[in-house]
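Undergrad: Here you go, structure35.csv (CSV, C-alpha atoms):
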```
chain,number,residue,atom,x,y,z
A,80,MET,CA,0.0,0.0,0.0
A,81,SER,CA,1.5,3.3,-1.1
A,82,GLU,CA,2.0,6.1,1.5
A,83,GLU,CA,-0.1,9.2,1.1
A,84,PRO,CA,2.0,12.2,-0.2
A,85,GLN,CA,3.0,14.5,2.5
A,86,ALA,CA,1.8,17.6,0.7
A,87,ASP,CA,-1.7,16.1,0.4
A,88,ARG,CA,-2.2,15.3,4.0
A,89,PRO,CA,-4.7,17.5,5.9
A,90,GLY,CA,-3.0,20.1,8.1
A,91,THR,CA,0.3,20.0,6.2
A,92,ALA,CA,1.3,23.5,5.0
A,93,THR,CA,4.0,24.1,2.4
A,94,LEU,CA,5.8,27.4,1.9
A,95,ASP,CA,4.2,27.8,-1.5
A,96,ALA,CA,0.7,27.6,0.0
A,97,LEU,CA,1.3,30.6,2.3
A,98,PRO,CA,0.1,34.0,1.2
A,99,SER,CA,2.8,36.1,-0.5
A,100,PRO,CA,3.9,39.3,1.3
A,101,LEU,CA,3.1,41.1,-1.9
A,102,ASP,CA,-0.6,40.3,-1.5
A,103,SER,CA,-0.8,43.1,1.1
A,104,VAL,CA,0.5,45.7,-1.4
A,105,ALA,CA,-2.8,45.8,-3.3
A,106,ASP,CA,-4.7,46.4,0.0
A,107,SER,CA,-2.4,49.2,1.0
A,108,ARG,CA,-2.8,50.9,-2.4
A,109,ALA,CA,-6.6,50.5,-2.3
A,110,THR,CA,-6.5,52.3,1.1
A,111,ALA,CA,-4.4,55.0,-0.4
A,112,ARG,CA,-6.8,55.5,-3.3
A,113,TRP,CA,-9.7,55.8,-0.9
A,114,LEU,CA,-7.8,58.4,1.1
A,115,ILE,CA,-7.0,60.3,-2.1
A,116,ALA,CA,-10.7,60.2,-3.1
A,117,SER,CA,-11.9,61.4,0.3
A,118,THR,CA,-9.3,64.2,0.5
A,119,GLY,CA,-10.2,65.3,-3.0
A,120,ALA,CA,-13.9,65.5,-2.0
A,121,VAL,CA,-12.8,67.8,0.8
A,122,GLY,CA,-11.0,70.0,-1.7
A,123,ALA,CA,-14.0,70.1,-3.9
A,124,LEU,CA,-16.2,71.1,-1.0
A,125,LEU,CA,-13.8,74.0,-0.2
A,126,LEU,CA,-14.1,75.2,-3.8
A,127,GLY,CA,-17.9,74.7,-3.9
A,128,GLY,CA,-20.6,77.3,-4.2
A,129,GLY,CA,-20.9,78.0,-0.5
A,130,PRO,CA,-17.4,79.7,-0.1
A,131,LEU,CA,-17.9,81.6,-3.3
A,132,LEU,CA,-21.2,83.0,-2.1
A,133,ALA,CA,-19.5,84.0,1.2
A,134,VAL,CA,-16.8,85.9,-0.6
A,135,GLY,CA,-19.5,88.2,-1.9
A,136,ARG,CA,-20.0,89.6,1.6
A,137,ILE,CA,-16.4,90.9,1.8
A,138,THR,CA,-16.2,94.6,1.1
A,139,ASP,CA,-12.7,95.5,2.4
A,140,TRP,CA,-9.1,94.4,1.8
A,141,GLU,CA,-8.4,93.3,5.3
A,142,HIS,CA,-11.2,90.7,5.4
A,143,ALA,CA,-10.3,89.7,1.8
A,144,ALA,CA,-6.7,89.1,2.8
A,145,TRP,CA,-7.8,86.9,5.8
A,146,ALA,CA,-10.3,85.0,3.7
A,147,GLY,CA,-7.8,84.4,0.9
A,148,GLY,CA,-5.1,83.3,3.4
A,149,GLY,CA,-7.5,80.9,5.1
A,150,MET,CA,-8.6,79.4,1.8
A,151,LEU,CA,-4.9,79.1,0.7
A,152,VAL,CA,-4.0,77.3,4.0
A,153,ALA,CA,-7.0,74.9,3.6
A,154,LEU,CA,-6.2,74.1,0.0
A,155,SER,CA,-2.5,73.7,0.9
A,156,GLY,CA,-3.5,71.1,3.5
A,157,VAL,CA,-5.6,69.2,0.9
A,158,ALA,CA,-2.7,69.3,-1.7
A,159,TRP,CA,-0.1,68.3,0.8
A,160,ALA,CA,-2.2,65.3,1.9
A,161,ILE,CA,-2.8,64.1,-1.7
A,162,TRP,CA,0.9,64.5,-2.5
A,163,GLN,CA,1.9,62.3,0.4
A,164,ILE,CA,-0.8,59.7,-0.2
A,165,SER,CA,0.1,59.4,-3.9
A,166,GLU,CA,3.6,58.3,-2.8
A,167,VAL,CA,2.0,55.0,-1.8
A,168,LEU,CA,1.0,54.4,-5.4
A,169,VAL,CA,4.5,54.8,-6.7
A,170,PRO,CA,6.2,51.3,-6.7
A,171,PRO,CA,9.4,51.4,-4.6
A,172,MET,CA,12.6,49.9,-6.1
A,173,THR,CA,13.4,47.0,-3.8
A,174,THR,CA,16.9,45.6,-4.0
A,175,PRO,CA,19.2,43.9,-1.4
A,176,ALA,CA,20.5,47.5,-0.7
A,177,SER,CA,17.0,48.5,0.3
A,178,LEU,CA,17.4,46.2,3.4
A,179,GLY,CA,19.6,48.8,5.0
A,180,GLU,CA,17.2,51.7,4.5
A,181,PRO,CA,15.5,53.3,7.5
A,182,ALA,CA,12.0,52.4,6.1
A,183,VAL,CA,12.7,48.7,6.7
A,184,ARG,CA,14.5,49.1,10.1
A,185,GLY,CA,11.6,47.3,11.8
A,186,LEU,CA,11.9,44.3,9.5
A,187,ARG,CA,15.7,44.1,10.0
A,188,GLU,CA,15.1,44.1,13.8
A,189,GLN,CA,12.8,41.1,13.4
A,190,LEU,CA,15.2,39.3,11.2
A,191,ASP,CA,18.2,39.9,13.5
A,192,ALA,CA,16.2,38.8,16.6
A,193,ALA,CA,15.3,35.4,15.2
A,194,PRO,CA,17.2,34.6,12.0
A,195,TRP,CA,16.5,30.9,12.4
A,196,TYR,CA,12.8,31.5,12.2
A,197,TYR,CA,13.1,33.2,8.8
A,198,PHE,CA,16.2,31.6,7.2
A,199,GLY,CA,16.3,28.2,8.9
A,200,SER,CA,19.6,26.5,8.3
A,201,VAL,CA,20.3,28.5,5.1
A,202,ALA,CA,21.7,31.6,6.7
A,203,THR,CA,22.2,33.3,10.1
A,204,SER,CA,21.7,36.9,9.0
A,205,VAL,CA,20.9,39.0,5.9
A,206,GLU,CA,24.6,39.5,5.3
A,207,ASP,CA,25.1,35.7,5.5
A,208,LEU,CA,22.3,35.3,3.0
A,209,LEU,CA,24.1,37.5,0.5
A,210,ARG,CA,27.6,36.2,1.2
A,211,HIS,CA,27.6,33.6,-1.6
A,212,ARG,CA,26.8,36.2,-4.2
A,213,ARG,CA,29.8,38.3,-3.1
A,214,ILE,CA,32.0,35.2,-3.1
A,215,ALA,CA,30.9,34.3,-6.7
A,216,ALA,CA,31.5,37.8,-7.9
A,217,ASN,CA,35.0,37.9,-6.4
A,218,ILE,CA,35.9,34.5,-7.9
A,219,ALA,CA,34.6,35.6,-11.3
A,220,ARG,CA,36.9,38.7,-11.2
A,221,ARG,CA,39.9,36.6,-10.1
A,222,LEU,CA,39.2,34.0,-12.8
A,223,ALA,CA,39.5,36.6,-15.6
A,224,SER,CA,43.2,37.2,-14.8
A,225,ALA,CA,44.2,33.9,-13.0
A,226,GLU,CA,47.1,31.7,-14.0
A,227,PRO,CA,46.2,28.5,-15.9
A,228,GLY,CA,47.1,26.3,-12.9
A,229,GLU,CA,44.8,28.3,-10.6
A,230,ARG,CA,41.7,28.4,-12.9
A,231,ALA,CA,40.6,24.8,-12.2
A,232,VAL,CA,40.4,25.6,-8.4
A,233,LEU,CA,38.6,28.8,-9.1
A,234,ARG,CA,36.1,27.2,-11.4
A,235,GLN,CA,35.3,24.6,-8.7
A,236,GLY,CA,34.9,27.3,-6.1
A,237,LEU,CA,32.6,29.2,-8.5
A,238,LEU,CA,30.4,26.1,-9.0
A,239,THR,CA,30.2,25.7,-5.3
A,240,ALA,CA,29.2,29.4,-4.9
A,241,HIS,CA,26.5,29.0,-7.6
A,242,ARG,CA,25.1,26.0,-5.8
A,243,ASN,CA,24.9,27.9,-2.6
A,244,ILE,CA,23.2,30.8,-4.4
A,245,ALA,CA,20.6,28.5,-5.8
A,246,ARG,CA,20.0,27.2,-2.3
A,247,THR,CA,19.6,30.6,-0.7
A,248,ASP,CA,17.6,32.2,-3.6
A,249,PRO,CA,14.2,31.2,-2.3
A,250,CYS,CA,14.9,32.9,1.0
A,251,LEU,CA,16.2,36.0,-0.8
A,252,ARG,CA,13.2,36.2,-3.0
A,253,TRP,CA,10.9,36.0,0.0
A,254,LEU,CA,12.9,38.6,1.8
A,255,LEU,CA,12.8,41.1,-1.1
A,256,ALA,CA,9.1,40.6,-1.4
A,257,THR,CA,8.6,41.1,2.3
A,258,ALA,CA,10.8,44.2,2.2
A,259,HIS,CA,8.8,45.6,-0.8
A,260,ALA,CA,5.5,45.1,1.1
A,261,TRP,CA,7.1,46.6,4.2
A,262,GLN,CA,8.2,49.8,2.3
A,263,VAL,CA,4.7,50.2,0.9
A,264,ARG,CA,3.2,49.8,4.4
A,265,GLU,CA,5.5,52.4,5.8
A,266,ARG,CA,4.7,54.8,3.1
A,267,LEU,CA,1.0,54.4,3.9
A,268,ARG,CA,1.6,54.9,7.6
A,269,ARG,CA,3.6,58.1,6.8
A,270,ALA,CA,0.9,59.3,4.4
A,271,ARG,CA,-1.8,58.8,7.1
A,272,ARG,CA,0.2,61.0,9.5
A,273,HIS,CA,0.6,63.6,6.9
A,274,THR,CA,-3.1,63.4,6.0
A,275,PHE,CA,-3.9,64.1,9.7
A,276,LEU,CA,-1.6,67.2,9.6
A,277,GLY,CA,-3.2,68.2,6.3
A,278,GLY,CA,-6.6,68.0,8.0
A,279,VAL,CA,-5.4,70.3,10.7
A,280,LEU,CA,-4.4,72.8,8.1
A,281,VAL,CA,-7.8,72.4,6.4
A,282,ILE,CA,-9.7,73.1,9.6
A,283,ALA,CA,-7.5,76.1,10.5
A,284,GLY,CA,-7.9,77.6,7.1
A,285,ALA,CA,-11.6,77.0,6.9
A,286,VAL,CA,-12.2,78.5,10.4
A,287,THR,CA,-10.1,81.6,9.3
A,288,PHE,CA,-12.1,81.9,6.1
A,289,LEU,CA,-15.5,81.6,7.8
A,290,CYS,CA,-14.6,84.0,10.5
A,291,SER,CA,-13.3,86.6,8.1
A,292,THR,CA,-16.5,86.3,5.9
A,293,ALA,CA,-18.8,86.3,8.9
A,294,THR,CA,-17.4,89.5,10.3
A,295,ALA,CA,-17.2,91.3,7.0
A,296,ARG,CA,-19.5,94.3,6.6
```
What does this structure look like when you write it as structure tokens?
TA:
Amino acid sequence: MSEEPQADRPGTATLDALPSPLDSVADSRATARWLIASTGAVGALLLGGGPLLAVGRITDWEHAAWAGGGMLVALSGVAWAIWQISEVLVPPMTTPASLGEPAVRGLREQLDAAPWYYFGSVATSVEDLLRHRRIAANIARRLASAEPGERAVLRQGLLTAHRNIARTDPCLRWLLATAHAWQVRERLRRARRHTFLGGVLVIAGAVTFLCSTATAR
């Protein structure tokens, strides 16, 4: 009687069956689009018929200056929020060098705290994960100018480095995908903070505008 394949047994999870970190990118960008739409609606409201009618009550330059300044501050808050949110929709360029950027500091802290959890026996750190690529590049440079007697040893070392690269590549691809999703998430978090600050400007500008038009004679 043949044994049931391990991958088909209930409760057995494989790495390929897990959700990709990139799946969260679409959700983050959908949230960003919703924020842009709602912020744009606020801007349309500020430029609507109500404020234009209120401007008609202004008869002196002093109140006109206050009203114009308030409207400018409010619209600047809307523009600033939309500018920051739109950064979420720009795909970041994620390379191994991105792992050292401040945006992924939290991810690096998690990796450094428990490398065995993320890399298993393949590597002990991010630097260790990339080590075989550096070794292969160094051997390839030496091979170009090596003596004939040394080339056989270098070729064998290059083959070993390529085998190690093939062994670590799945972890590296997962790490880059995770770093990419992490960067998008951090951009969204930063955009939400800027949206809040933009909202404060909108409120301050709207209050200034309304007060200047209400007191105009």
Undergrad: So that I can see what lies close to Gln262 in chain A, please list as a list of chain:residue names the residues with an atom at most 10 Å from it, counting all atoms listed in the file and leaving out residues fewer than 6 positions away in the same chain.
TA: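 Residues near the query, excluding close chain neighbours: A:Val104, A:Val167, A:Pro170, A:Pro171, A:Met172, A:Thr173, A:Ser177, A:Leu178, A:Glu180, A:Pro181, A:Ala182, A:Val183, A:Leu186, A:Ala256, A:Arg268.
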Undergrad: Using Å and a single decimal, report how far CA of Gly228 in chain A sits from CA of Asn243 in chain A.
TA: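 The value is 24.5 Å.
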Undergrad: Using all atoms listed in the file, which of the listed residues (A:Trp145, A:His259, A:Ala109, A:Ala192) sits closest to Leu289 in chain A?
TA: A:Trp145
Undergrad: Smallest atom-to-atom distance to Leu280 in chain A: which of A:Gln163, A:Ser155, A:Gln189, A:Thr110, using only C-alpha atoms?
TA: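 The answer is A:Ser155, which sits nearest to Leu280 in chain A.
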Undergrad: Which one is closest to Thr118 in chain A: A:Leu254, A:Ala270, A:Val205, A:Ala143? Count all atoms listed in the file.
TA: A:Ala270
Undergrad: Figure out the distance between CA of Thr239 in chain A and CA of Arg221 in chain A, please, to one decimal in Å.
TA: 15.4 Å
